[in-house]
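Novice: Here you go, upload_6.txt (compact mmCIF, C-alpha atoms):
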```txt
# COMPACT_ATOMS: atom_id res chain seq x y z
CA MET S 1 19.04 15.59 -11.58
CA GLU S 2 22.57 14.56 -10.65
CA THR S 3 21.29 12.69 -7.59
CA ALA S 4 18.80 10.81 -9.78
CA ILE S 5 21.53 9.89 -12.30
CA GLN S 6 23.78 8.79 -9.42
CA TRP S 7 21.01 6.61 -8.05
CA ILE S 8 20.36 5.02 -11.48
CA LEU S 9 24.11 4.48 -11.90
CA GLU S 10 24.19 2.57 -8.63
CA CYS S 11 21.13 0.61 -9.77
CA SER S 12 22.95 -0.42 -12.95
CA ARG S 13 25.64 -2.03 -10.81
CA ALA S 14 23.42 -3.51 -8.09
CA SER S 15 20.34 -4.61 -10.03
CA PRO S 16 20.64 -4.98 -13.82
CA TRP S 17 16.95 -5.90 -14.23
CA LEU S 18 15.82 -2.74 -12.43
CA PHE S 19 18.26 -0.69 -14.51
CA ALA S 20 17.01 -2.25 -17.77
CA GLY S 21 13.40 -1.55 -16.77
CA LEU S 22 14.28 2.04 -15.86
CA VAL S 23 16.03 2.58 -19.21
CA ILE S 24 12.90 1.51 -21.10
CA LEU S 25 10.57 3.56 -18.89
CA ILE S 26 12.72 6.70 -18.99
CA MET S 27 13.30 6.58 -22.75
CA ALA S 28 9.61 5.88 -23.46
CA GLY S 29 8.57 8.65 -21.06
CA GLU S 30 11.03 11.13 -22.54
CA GLY S 31 9.88 10.17 -26.04
CA LEU S 32 6.26 10.86 -25.19
CA LEU S 33 7.04 14.07 -23.32
CA LEU S 34 9.30 15.49 -26.03
CA GLY S 35 6.80 14.41 -28.70
CA LEU S 36 4.03 16.36 -26.99
CA MET S 37 6.29 19.36 -26.29
CA THR S 38 7.60 19.68 -29.85
CA GLU S 39 4.06 19.16 -31.15
CA GLY S 40 2.99 22.11 -28.96
CA VAL S 41 5.83 24.27 -30.29
CA PHE S 42 4.93 23.38 -33.89
CA ARG S 43 1.31 24.34 -33.23
CA LEU S 44 2.43 27.64 -31.73
CA LEU S 45 4.40 28.25 -34.93
CA GLY S 46 1.21 27.59 -36.88
CA VAL S 47 2.17 24.20 -38.35
CA ASN S 48 -0.75 21.77 -38.20
CA VAL S 49 0.27 18.57 -40.00
CA ARG S 50 -3.27 17.23 -40.18
CA LYS S 51 -4.19 20.05 -42.55
CA ILE S 52 -1.32 19.45 -44.96
CA ARG S 53 -2.30 17.79 -48.25
CA ARG S 54 -0.05 15.28 -49.98
CA PRO S 55 1.32 16.35 -53.36
CA GLY S 56 0.18 14.04 -56.18
CA ALA S 57 0.55 10.85 -54.14
CA MET M 1 29.95 16.68 -20.60
CA TYR M 2 30.74 13.68 -18.41
CA LEU M 3 28.85 10.47 -19.22
CA PRO M 4 28.90 8.47 -15.97
CA PHE M 5 27.61 5.16 -17.36
CA ALA M 6 30.22 4.86 -20.13
CA ASP M 7 32.78 6.73 -17.97
CA ILE M 8 33.86 9.07 -20.80
CA HIS M 9 33.68 12.77 -21.65
CA PHE M 10 31.67 13.65 -24.76
CA ASP M 11 30.59 16.84 -26.52
CA PRO M 12 26.79 17.27 -26.05
CA VAL M 13 26.55 19.25 -29.33
CA ILE M 14 27.73 16.14 -31.23
CA LEU M 15 25.14 14.03 -29.41
CA ILE M 16 22.30 16.44 -30.20
CA THR M 17 23.44 16.76 -33.84
CA ILE M 18 23.58 12.97 -34.30
CA GLY M 19 20.15 12.70 -32.66
CA PHE M 20 18.74 15.41 -34.90
CA CYS M 21 20.05 13.86 -38.15
CA VAL M 22 18.86 10.37 -37.30
CA GLY M 23 15.54 11.86 -36.17
CA VAL M 24 15.02 13.48 -39.59
CA LEU M 25 16.01 10.27 -41.42
CA GLY M 26 13.89 8.10 -39.11
CA GLY M 27 10.79 10.24 -39.44
CA PHE M 28 11.17 10.42 -43.23
CA PHE M 29 12.24 6.85 -44.08
CA GLY M 30 10.80 4.95 -41.12
CA VAL M 31 14.16 3.52 -40.12
CA GLY M 32 15.82 3.38 -36.72
CA GLY M 33 19.18 4.55 -38.04
CA SER M 34 21.48 2.20 -36.13
CA TRP M 35 23.58 1.90 -39.33
CA MET M 36 24.49 5.56 -38.84
CA VAL M 37 24.43 6.20 -35.08
CA THR M 38 26.52 3.24 -33.95
CA PRO M 39 29.53 4.00 -36.21
CA ALA M 40 29.17 7.75 -35.52
CA LEU M 41 29.24 7.29 -31.73
CA ASN M 42 32.09 4.82 -32.03
CA MET M 43 34.04 7.16 -34.30
CA PHE M 44 33.76 10.00 -31.77
CA GLY M 45 35.06 7.84 -28.93
CA PHE M 46 32.22 5.71 -27.58
CA PRO M 47 33.19 2.10 -26.75
CA MET M 48 31.43 -0.18 -29.31
CA ALA M 49 29.11 -2.06 -26.89
CA PHE M 50 28.00 1.25 -25.31
CA ALA M 51 27.51 2.76 -28.78
CA ILE M 52 25.11 -0.06 -29.75
CA GLY M 53 23.21 -0.11 -26.42
CA THR M 54 22.87 3.69 -26.21
CA ASP M 55 21.82 3.84 -29.85
CA LEU M 56 19.08 1.24 -29.35
CA ALA M 57 17.70 3.07 -26.28
CA HIS M 58 17.58 6.37 -28.15
CA ILE M 59 16.05 4.74 -31.26
CA MET M 60 13.22 3.34 -29.15
CA GLY M 61 12.38 6.77 -27.70
CA LYS M 62 12.74 8.52 -31.05
CA SER M 63 10.52 5.97 -32.78
CA ILE M 64 7.78 6.66 -30.21
CA ILE M 65 7.85 10.35 -31.18
CA ALA M 66 7.86 9.61 -34.94
CA THR M 67 5.15 6.91 -34.66
CA PHE M 68 2.99 9.30 -32.63
CA LYS M 69 3.31 11.89 -35.39
CA HIS M 70 2.75 9.40 -38.22
CA ARG M 71 -0.32 8.08 -36.38
CA GLN M 72 -1.78 11.59 -36.46
CA LEU M 73 -1.29 11.57 -40.22
CA GLY M 74 -3.01 8.18 -40.53
CA ASN M 75 0.25 6.50 -41.60
CA VAL M 76 0.39 3.66 -39.05
CA ASP M 77 -1.30 0.33 -39.74
CA LEU M 78 -1.44 -0.99 -36.18
CA LYS M 79 -3.07 -4.29 -37.22
CA LEU M 80 -0.36 -5.05 -39.79
CA GLY M 81 2.38 -3.94 -37.39
CA LEU M 82 1.14 -6.18 -34.58
CA LEU M 83 0.70 -9.20 -36.89
CA MET M 84 4.18 -8.73 -38.32
CA ILE M 85 5.74 -8.61 -34.84
CA ILE M 86 4.86 -12.31 -34.36
CA GLY M 87 6.85 -13.34 -37.45
CA THR M 88 9.60 -10.82 -36.71
CA ALA M 89 10.19 -12.18 -33.19
CA ALA M 90 10.58 -15.73 -34.52
CA GLY M 91 12.81 -14.48 -37.34
CA VAL M 92 15.11 -12.55 -34.97
CA GLU M 93 15.58 -15.70 -32.89
CA ALA M 94 16.39 -17.76 -36.01
CA GLY M 95 18.82 -15.07 -37.22
CA LYS M 96 20.55 -15.03 -33.84
CA GLU M 97 20.94 -18.84 -33.93
CA LEU M 98 22.45 -18.56 -37.41
CA ILE M 99 24.94 -15.97 -36.14
CA LEU M 100 25.90 -18.18 -33.19
CA HIS M 101 26.44 -21.10 -35.58
CA LEU M 102 28.70 -18.95 -37.81
CA GLU M 103 30.54 -17.70 -34.72
CA ARG M 104 31.41 -21.29 -33.82
CA THR M 105 32.85 -21.82 -37.30
CA GLY M 106 34.82 -18.54 -36.99
CA HIS M 107 33.50 -16.90 -40.20
CA VAL M 108 30.87 -14.62 -38.77
CA GLU M 109 32.24 -11.15 -39.60
CA PRO M 110 33.11 -11.56 -43.32
CA VAL M 111 29.91 -13.56 -43.99
CA VAL M 112 27.71 -10.93 -42.31
CA ARG M 113 29.46 -8.09 -44.15
CA VAL M 114 29.18 -9.79 -47.56
CA ILE M 115 25.47 -10.53 -47.03
CA TYR M 116 24.99 -6.96 -45.80
CA ILE M 117 26.62 -5.60 -49.00
CA VAL M 118 24.54 -7.88 -51.25
CA ILE M 119 21.27 -7.03 -49.46
CA LEU M 120 21.86 -3.26 -49.32
CA GLY M 121 23.17 -3.23 -52.90
CA SER M 122 20.17 -5.17 -54.27
CA ILE M 123 17.53 -3.19 -52.35
CA GLY M 124 19.12 0.17 -53.18
CA SER M 125 19.62 -0.62 -56.88
CA TYR M 126 16.10 -1.99 -57.26
CA MET M 127 14.49 1.04 -55.61
CA VAL M 128 16.45 3.51 -57.74
CA TYR M 129 15.69 1.47 -60.89
CA ASP M 130 11.99 1.25 -59.92
CA TYR M 131 11.79 5.04 -59.53
CA PHE M 132 13.31 5.82 -62.93
CA ALA M 133 11.40 3.04 -64.74
CA PHE M 134 8.12 4.25 -63.25
CA THR M 135 8.82 7.92 -63.98
CA ARG M 136 9.71 7.11 -67.62
CA GLU M 137 6.64 4.93 -68.05
CA THR M 138 4.27 7.51 -66.53
CA ARG M 139 5.70 10.33 -68.61
CA ARG M 140 5.17 8.28 -71.77
CA ARG M 141 1.65 7.17 -70.91
CA LEU M 142 0.35 10.21 -69.05
CA PRO M 143 2.38 13.22 -70.19
CA GLY M 144 1.84 16.37 -68.16
CA LEU M 145 0.41 14.57 -65.13
CA ALA M 146 2.11 14.53 -61.72
CA VAL M 147 3.85 11.23 -61.08
CA ALA M 148 1.78 9.26 -58.60
CA GLU M 149 2.89 6.18 -56.68
CA ARG M 150 3.09 2.61 -57.96
CA ILE M 151 1.42 0.59 -55.22
CA GLY M 152 2.41 -3.06 -54.96
CA SER M 153 4.57 -5.21 -57.22
CA ALA M 154 4.41 -8.57 -59.00
CA LEU M 155 5.41 -10.21 -55.71
CA SER M 156 2.72 -8.45 -53.66
CA ARG M 157 0.07 -9.35 -56.27
CA LYS M 158 1.11 -13.01 -56.00
CA LEU M 159 0.92 -12.83 -52.21
CA HIS M 160 -2.55 -11.21 -52.40
CA ASP M 161 -3.67 -14.09 -54.65
CA TRP M 162 -2.55 -16.68 -52.11
CA HIS M 163 -5.80 -17.55 -50.37
CA ALA M 164 -4.52 -19.54 -47.37
CA PRO M 165 -6.96 -18.90 -44.49
CA PRO M 166 -7.29 -16.98 -42.26
CA MET M 167 -7.51 -13.96 -44.56
CA VAL M 168 -6.88 -10.52 -43.06
CA SER M 169 -8.24 -7.19 -44.22
CA LEU M 170 -5.96 -4.15 -43.75
CA GLN M 171 -8.06 -1.03 -44.13
CA THR M 172 -5.33 1.52 -43.33
CA SER M 173 -3.03 -0.06 -45.94
CA ARG M 174 -5.93 -0.30 -48.42
CA ILE M 175 -5.52 -4.08 -48.76
CA ARG M 176 -8.86 -5.86 -49.06
CA ALA M 177 -7.59 -9.36 -48.20
CA ILE M 178 -4.21 -10.95 -47.58
CA SER M 179 -3.35 -14.26 -45.98
CA PHE M 180 -2.24 -14.08 -42.36
CA TRP M 181 0.53 -16.52 -43.35
CA ALA M 182 1.86 -14.15 -46.00
CA ILE M 183 2.26 -11.42 -43.34
CA LEU M 184 3.89 -13.95 -41.02
CA VAL M 185 6.37 -15.07 -43.71
CA VAL M 186 7.35 -11.48 -44.58
CA GLY M 187 7.65 -10.65 -40.85
CA PHE M 188 9.81 -13.74 -40.34
CA ALA M 189 12.09 -12.88 -43.27
CA THR M 190 12.65 -9.29 -42.06
CA GLY M 191 13.20 -10.56 -38.49
CA LEU M 192 15.72 -13.10 -39.79
CA PHE M 193 17.77 -10.30 -41.34
CA ALA M 194 17.39 -8.15 -38.21
CA GLY M 195 18.71 -10.99 -36.03
CA PHE M 196 21.41 -11.90 -38.51
CA LEU M 197 22.65 -8.44 -39.52
CA GLY M 198 21.86 -6.58 -36.29
CA GLY M 199 19.90 -3.37 -35.68
CA GLY M 200 16.21 -2.92 -36.33
CA ALA M 201 16.52 -3.82 -40.05
CA GLY M 202 14.19 -0.97 -41.04
CA TYR M 203 16.12 -0.78 -44.33
CA ILE M 204 14.73 -4.24 -45.14
CA ARG M 205 11.28 -3.89 -43.54
CA LEU M 206 10.35 -0.73 -45.46
CA PRO M 207 10.95 -2.26 -48.94
CA ALA M 208 9.38 -5.53 -47.72
CA LEU M 209 6.21 -3.67 -46.72
CA VAL M 210 6.13 -1.74 -50.01
CA TYR M 211 7.07 -4.49 -52.48
CA ALA M 212 6.01 -7.72 -50.73
CA ILE M 213 2.88 -6.73 -48.80
CA GLY M 214 1.90 -3.90 -51.20
CA VAL M 215 1.57 -1.11 -48.62
CA PRO M 216 1.64 2.56 -49.79
CA THR M 217 5.03 4.16 -49.03
CA THR M 218 4.00 6.60 -46.27
CA ILE M 219 1.99 3.91 -44.45
CA ALA M 220 4.99 1.58 -44.75
CA VAL M 221 7.14 4.31 -43.13
CA GLY M 222 4.73 4.75 -40.18
CA THR M 223 4.16 1.00 -39.68
CA ASP M 224 7.90 0.32 -39.84
CA LEU M 225 8.49 2.89 -37.09
CA PHE M 226 5.79 1.27 -34.96
CA GLU M 227 7.63 -2.07 -35.23
CA ILE M 228 10.98 -0.44 -34.46
CA ILE M 229 9.65 0.67 -31.04
CA PHE M 230 9.44 -3.02 -30.11
CA SER M 231 12.58 -4.31 -31.83
CA ALA M 232 14.77 -1.46 -30.50
CA GLY M 233 13.07 -1.70 -27.08
CA ILE M 234 13.97 -5.38 -26.75
CA GLY M 235 17.53 -4.67 -27.89
CA ALA M 236 17.90 -1.75 -25.46
CA PHE M 237 16.59 -3.90 -22.60
CA LEU M 238 19.10 -6.68 -23.35
CA TYR M 239 22.03 -4.24 -23.58
CA ALA M 240 20.90 -2.46 -20.39
CA LEU M 241 20.94 -5.82 -18.59
CA GLU M 242 24.65 -5.92 -19.41
CA GLY M 243 25.01 -2.30 -18.22
CA LYS M 244 25.91 -1.16 -21.75
CA VAL M 245 23.50 1.77 -22.09
CA ASP M 246 24.60 5.31 -21.29
CA LEU M 247 21.31 6.85 -20.22
CA THR M 248 22.60 10.44 -20.11
CA ALA M 249 23.87 10.21 -23.71
CA ALA M 250 20.64 8.56 -24.94
CA MET M 251 18.54 11.25 -23.22
CA THR M 252 20.67 14.04 -24.71
CA MET M 253 20.42 12.57 -28.23
CA MET M 254 16.66 12.41 -27.82
CA VAL M 255 16.45 16.21 -27.54
CA GLY M 256 17.79 16.55 -31.11
CA ALA M 257 15.85 13.49 -32.29
CA ALA M 258 12.54 14.92 -31.02
CA VAL M 259 12.81 17.93 -33.34
CA GLY M 260 14.37 15.93 -36.19
CA ALA M 261 11.66 13.24 -36.09
CA GLN M 262 8.91 15.88 -36.37
CA ILE M 263 10.65 17.52 -39.33
CA GLY M 264 11.22 14.17 -41.08
CA THR M 265 7.61 13.13 -40.54
CA ILE M 266 6.18 16.42 -41.81
CA ALA M 267 8.47 16.17 -44.85
CA THR M 268 6.71 12.91 -45.90
CA ARG M 269 3.65 15.13 -46.38
CA TYR M 270 5.41 17.34 -48.90
CA VAL M 271 7.60 14.89 -50.81
CA LYS M 272 6.08 12.52 -53.37
CA SER M 273 6.05 8.86 -52.33
CA MET M 274 8.16 7.71 -55.28
CA ARG M 275 10.76 10.34 -54.42
CA ILE M 276 10.87 9.06 -50.81
CA ARG M 277 11.67 5.64 -52.30
CA LEU M 278 14.38 7.15 -54.53
CA TYR M 279 16.08 8.92 -51.60
CA PHE M 280 15.81 5.72 -49.59
CA GLY M 281 17.36 3.73 -52.45
CA TYR M 282 20.33 6.12 -52.67
CA THR M 283 20.81 6.06 -48.89
CA VAL M 284 20.81 2.26 -48.78
CA LEU M 285 23.21 2.04 -51.75
CA LEU M 286 25.72 4.40 -50.11
CA ALA M 287 25.37 2.62 -46.77
CA GLY M 288 26.24 -0.59 -48.67
CA LEU M 289 29.28 1.15 -50.15
CA SER M 290 30.41 2.07 -46.63
CA VAL M 291 30.19 -1.59 -45.53
CA LEU M 292 32.13 -2.56 -48.67
CA LEU M 293 34.88 -0.10 -47.69
CA LYS M 294 34.95 -1.56 -44.19
CA GLN M 295 35.28 -5.09 -45.57
CA TRP M 296 38.04 -3.91 -47.90
CA ALA M 297 39.82 -2.29 -44.95
CA VAL M 298 39.82 -5.63 -43.10
CA HIS M 299 40.91 -7.53 -46.20
CA THR M 300 43.80 -5.19 -47.06
CA GLU M 301 44.61 -4.36 -43.41
CA ALA M 302 44.26 -0.63 -44.18
CA PRO M 303 42.66 1.12 -41.16
CA GLN M 304 42.30 4.41 -43.05
CA LEU M 305 39.72 2.73 -45.29
CA GLY M 306 37.72 1.79 -42.19
CA LEU M 307 37.84 5.42 -41.08
CA ALA M 308 36.73 6.53 -44.55
CA ALA M 309 33.75 4.15 -44.24
CA GLY M 310 32.80 5.85 -40.94
CA TYR M 311 33.08 9.33 -42.45
CA LEU M 312 31.06 8.23 -45.49
CA ILE M 313 28.17 7.06 -43.33
CA VAL M 314 28.17 10.22 -41.16
CA GLY M 315 28.49 12.44 -44.26
CA LEU M 316 25.65 10.52 -45.91
CA ALA M 317 23.38 11.05 -42.88
CA LEU M 318 24.18 14.78 -42.78
CA PHE M 319 23.63 15.16 -46.54
CA MET M 320 20.33 13.24 -46.57
CA SER M 321 18.99 15.19 -43.55
CA LEU M 322 19.84 18.42 -45.35
CA LEU M 323 18.22 17.19 -48.57
CA ILE M 324 15.04 16.23 -46.70
CA MET M 325 14.89 19.63 -44.99
CA LEU M 326 15.42 21.41 -48.32
CA SER M 327 12.64 19.31 -49.90
CA LEU M 328 10.38 20.27 -46.99
CA ALA M 329 11.23 23.97 -47.38
CA LYS M 330 10.59 23.74 -51.15
CA GLY M 331 7.24 22.02 -50.55
CA VAL M 332 6.15 24.67 -48.03
CA ARG M 333 7.17 27.47 -50.41
CA GLU M 334 5.26 25.90 -53.31
CA GLU M 335 2.16 25.43 -51.14
CA LYS M 336 2.21 29.09 -50.08
CA ARG M 337 2.28 30.28 -53.71
```
Reformat the file's structure so that it appears as structure tokens.
Specialist:
Amino acid sequence: METAIQWILECSRASPWLFAGLVILIMAGEGLLLGLMTEGVFRLLGVNVRKIRRPGA
Amino acid sequence: MYLPFADIHFDPVILITIGFCVGVLGGFFGVGGSWMVTPALNMFGFPMAFAIGTDLAHIMGKSIIATFKHRQLGNVDLKLGLLMIIGTAAGVEAGKELILHLERTGHVEPVVRVIYIVILGSIGSYMVYDYFAFTRETRRRLPGLAVAERIGSALSRKLHDWHAPPMVSLQTSRIRAISFWAILVVGFATGLFAGFLGGGAGYIRLPALVYAIGVPTTIAVGTDLFEIIFSAGIGAFLYALEGKVDLTAAMTMMVGAAVGAQIGTIATRYVKSMRIRLYFGYTVLLAGLSVLLKQWAVHTEAPQLGLAAGYLIVGLALFMSLLIMLSLAKGVREEKR
């Protein structure tokens, strides 16, 4: 992990465009991954949002 | 924890807590939350440019999670979101040009702050007024019935009556026909404020979707988040080009935001739409008060007022997250009865 961060840090100094692209890709990837993971945890806890009804609205 | 990009040491618990709070607020209100994260990061020692860049990167990732969840609930109108992006992009550019013009005249900061206060004050007051007026009216006309949502407004009805072709049908938002140009104008106006005032301007887009386009509240929340992915993404890219994004901090904040966004999104299922608007109105009003304090601090050269403004915004975010979680817990308890 530290090696990867070090490499990205060097990228940010050497190639701003590559760094900017990596920022978008990493944040989007982490967003998707964490979204799926937390969704899995919620399901394990028995929370299925699709089955929840809206109250009076 | 050492943050190598910003070259500072920072407590990861603070990062995760900020991420969590803004995740709850984002999932519930459909806002990015830059109004809260940027001053919070700055207050705890982040250099301003890094605070903005890191915030935008984390908002983009968090909005993906929240949009994904809202999409599952059928709350994202992709067609409306994509059409609005066209107007928003043009509006952001116009807003930026306006800012550059004001910068040349040397009046940019006070002008932006005053407009910010007026906009937040008007939106917040109207939404709070709308909630109480609607509740009173419904109780008088339909006593004993649960308060439903008022969909649309006089403005949205006027826009729906404007038959300038091409007309667009928005099934998810339950709008039979609306002019493409009306969507473009609303998108442009929200983009103009985003470019002029900074951030994703979710606090303007949400009421614009509800009151100008006539979208039901929860669909406005989901569609707003969908747009924020793009607006925050572009912002994060531009700041990263300048090397002003601390990736390690943004990734750490996302851990808290991932859980918070799910909680905020699920809470929209349990809280009545009009109440979501009321909470949003209060949040926007208090955010406006914080900007007012900041402006006052500059005017009177009293830095402690500026600090108070920062604490107000962080306290507000903590309080609203707690309120949303309590509303969720209450809703779950009532459902189980």
Novice: What lies within 7 Å of M:Leu206 using all atoms listed in the file, ignoring chain neighbours under 5 positions off, as a ChimeraX atom specification?
Specialist: /M:220-221,224
Novice: Listing only residues of chain M within 7 Å of chain S, what is the closest atom pair and its distance in Å (to one decimal) for each, using all atoms listed in the file, sorted by chain and residue number ascending, as a Markdown table?
Specialist:
```
| residue | atom | partner | partner_atom | distance |
| --- | --- | --- | --- | --- |
| M:Phe5 | CA | S:Leu9 | CA | 6.5 |
| M:Ala57 | CA | S:Met27 | CA | 6.6 |
| M:His58 | CA | S:Met27 | CA | 6.9 |
| M:Gly61 | CA | S:Gly31 | CA | 4.5 |
| M:Lys62 | CA | S:Gly31 | CA | 6.0 |
| M:Ile64 | CA | S:Gly31 | CA | 5.8 |
| M:Ile65 | CA | S:Gly35 | CA | 4.9 |
| M:Gln72 | CA | S:Arg50 | CA | 6.9 |
| M:Leu73 | CA | S:Arg50 | CA | 6.0 |
| M:Ala146 | CA | S:Gly56 | CA | 5.9 |
| M:Val147 | CA | S:Gly56 | CA | 6.7 |
| M:Ala148 | CA | S:Ala57 | CA | 4.9 |
| M:Glu149 | CA | S:Ala57 | CA | 5.8 |
| M:Gly233 | CA | S:Ile24 | CA | 6.8 |
| M:Phe237 | CA | S:Ala20 | CA | 5.1 |
| M:Ala240 | CA | S:Ala20 | CA | 4.7 |
| M:Leu241 | CA | S:Pro16 | CA | 4.9 |
| M:Glu242 | CA | S:Pro16 | CA | 6.9 |
| M:Gly243 | CA | S:Ser12 | CA | 6.0 |
| M:Leu247 | CA | S:Val23 | CA | 6.9 |
| M:Ala258 | CA | S:Leu34 | CA | 6.0 |
| M:Val259 | CA | S:Thr38 | CA | 6.5 |
| M:Ile266 | CA | S:Val49 | CA | 6.5 |
| M:Arg269 | CA | S:Arg54 | CA | 5.2 |
| M:Tyr270 | CA | S:Arg54 | CA | 5.9 |
| M:Val271 | CA | S:Pro55 | CA | 6.9 |
| M:Lys272 | CA | S:Ala57 | CA | 5.8 |
| M:Ser273 | CA | S:Ala57 | CA | 6.1 |
```
Novice: Grab the atom CA of M:Arg157 to atom CA of M:Val215 distance for me, in Å with one decimal place.
Specialist: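 Answer for the atom CA of M:Arg157 to atom CA of M:Val215 separation: 11.3 Å.
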Novice: With a distance cut-off of 9 Å and only C-alpha atoms, select the neighbouring residues of M:Leu3, excluding the residue or stretch itself and same-chain residues fewer than 2 positions from it, and output the selection as an MDAnalysis selection string.
Specialist: chainID M and resid 1 5:10 246:249
Novice: Can you work out the spacing between atom CA of M:Val284 and atom CA of M:Gly91 in Å, to one decimal?
Specialist: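 These atoms are spaced 21.8 Å apart.
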Novice: Quick one: residues within 9 Å of M:Ala94, only C-alpha atoms counted, chain neighbours fewer than 6 positions away excluded, as a PyMOL selection string?
Specialist: chain M and resi 188+191-192+195-196
Novice: Those same residues - C-alpha atoms - I'd like them written as a short mmCIF file (atom, residue, chain, number, x, y, z; two decimals), in the coordinates of the input.
Specialist:
```
data_model
loop_
_atom_site.label_atom_id
_atom_site.label_comp_id
_atom_site.auth_asym_id
_atom_site.auth_seq_id
_atom_site.Cartn_x
_atom_site.Cartn_y
_atom_site.Cartn_z
CA PHE M 188 9.81 -13.74 -40.34
CA GLY M 191 13.20 -10.56 -38.49
CA LEU M 192 15.72 -13.10 -39.79
CA GLY M 195 18.71 -10.99 -36.03
CA PHE M 196 21.41 -11.90 -38.51
#
```
Novice: Hey, what's within 10 Å of M:Ala208 if we count all atoms listed in the file and toss same-chain stuff fewer than 6 positions away? As a PyMOL selection string, please?
Specialist: chain M and resi 123+156+186-187+189-190+202+214-215+220+224
Novice: Rounded to one decimal, what separation in Å do you get between atom CA of M:Gly23 and atom CA of M:Leu170?
Specialist: 27.9 Å
Novice: Might you pull out every residue within 12 Å of M:Asp11, with all atoms listed in the file counted and same-chain residues fewer than 2 positions away left off, and present them as a ChimeraX atom specification?
Specialist: /M:1-3,8-9,13-18,41,44-46,249,252-253
Novice: Show me the residues around (1.9, -6.3, -33.3) - criterion: an atom at most 6 Å away, all atoms listed in the file counted - as a list of chain:residue names.
Specialist: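 Final list of nearby residues, as requested, is M:Gly81, M:Leu82, M:Leu83, M:Ile85.
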Novice: In the coordinates of the file, take the point (25.7, 1.8, -29.3) and a cut-off of 10 Å; then, counting all atoms listed in the file, name each qualifying protein, DNA or RNA residue as number ranges by chain.
Specialist: M: 34, 37-42, 46-58, 236, 239, 244-246, 250
Novice: Padding 6 Å on every side, please: axis-aligned box over the listed atoms of stretch 279-291 of chain M, centre and edge lengths to one decimal in Å, as AutoDock Vina command-line options.
Specialist:
```
--center_x 23.1 --center_y 3.7 --center_z -49.1 --size_x 26.6 --size_y 22.5 --size_z 19.1
```
Novice: Just checking: using only C-alpha atoms, which residue out of M:Ala309, M:Ala177, M:Lys336, M:Ala261 ends up closest to M:Trp296?
Specialist: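 Among M:Ala309, M:Ala177, M:Lys336, M:Ala261, it is M:Ala309 that comes nearest to M:Trp296.
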Novice: Between M:Ala201, M:Met43, M:Val114, M:Ile151, single out the one closest to M:Ala232, counting all atoms listed in the file.
Specialist: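 Using all atoms listed in the file, M:Ala232 sits closest to M:Ala201.
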Novice: Nearest to M:Tyr131: which of M:Phe20, M:Arg150, M:Leu285, M:Ile219 is it, counting all atoms listed in the file?
Specialist: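 Result for the nearest residue to M:Tyr131: M:Arg150.
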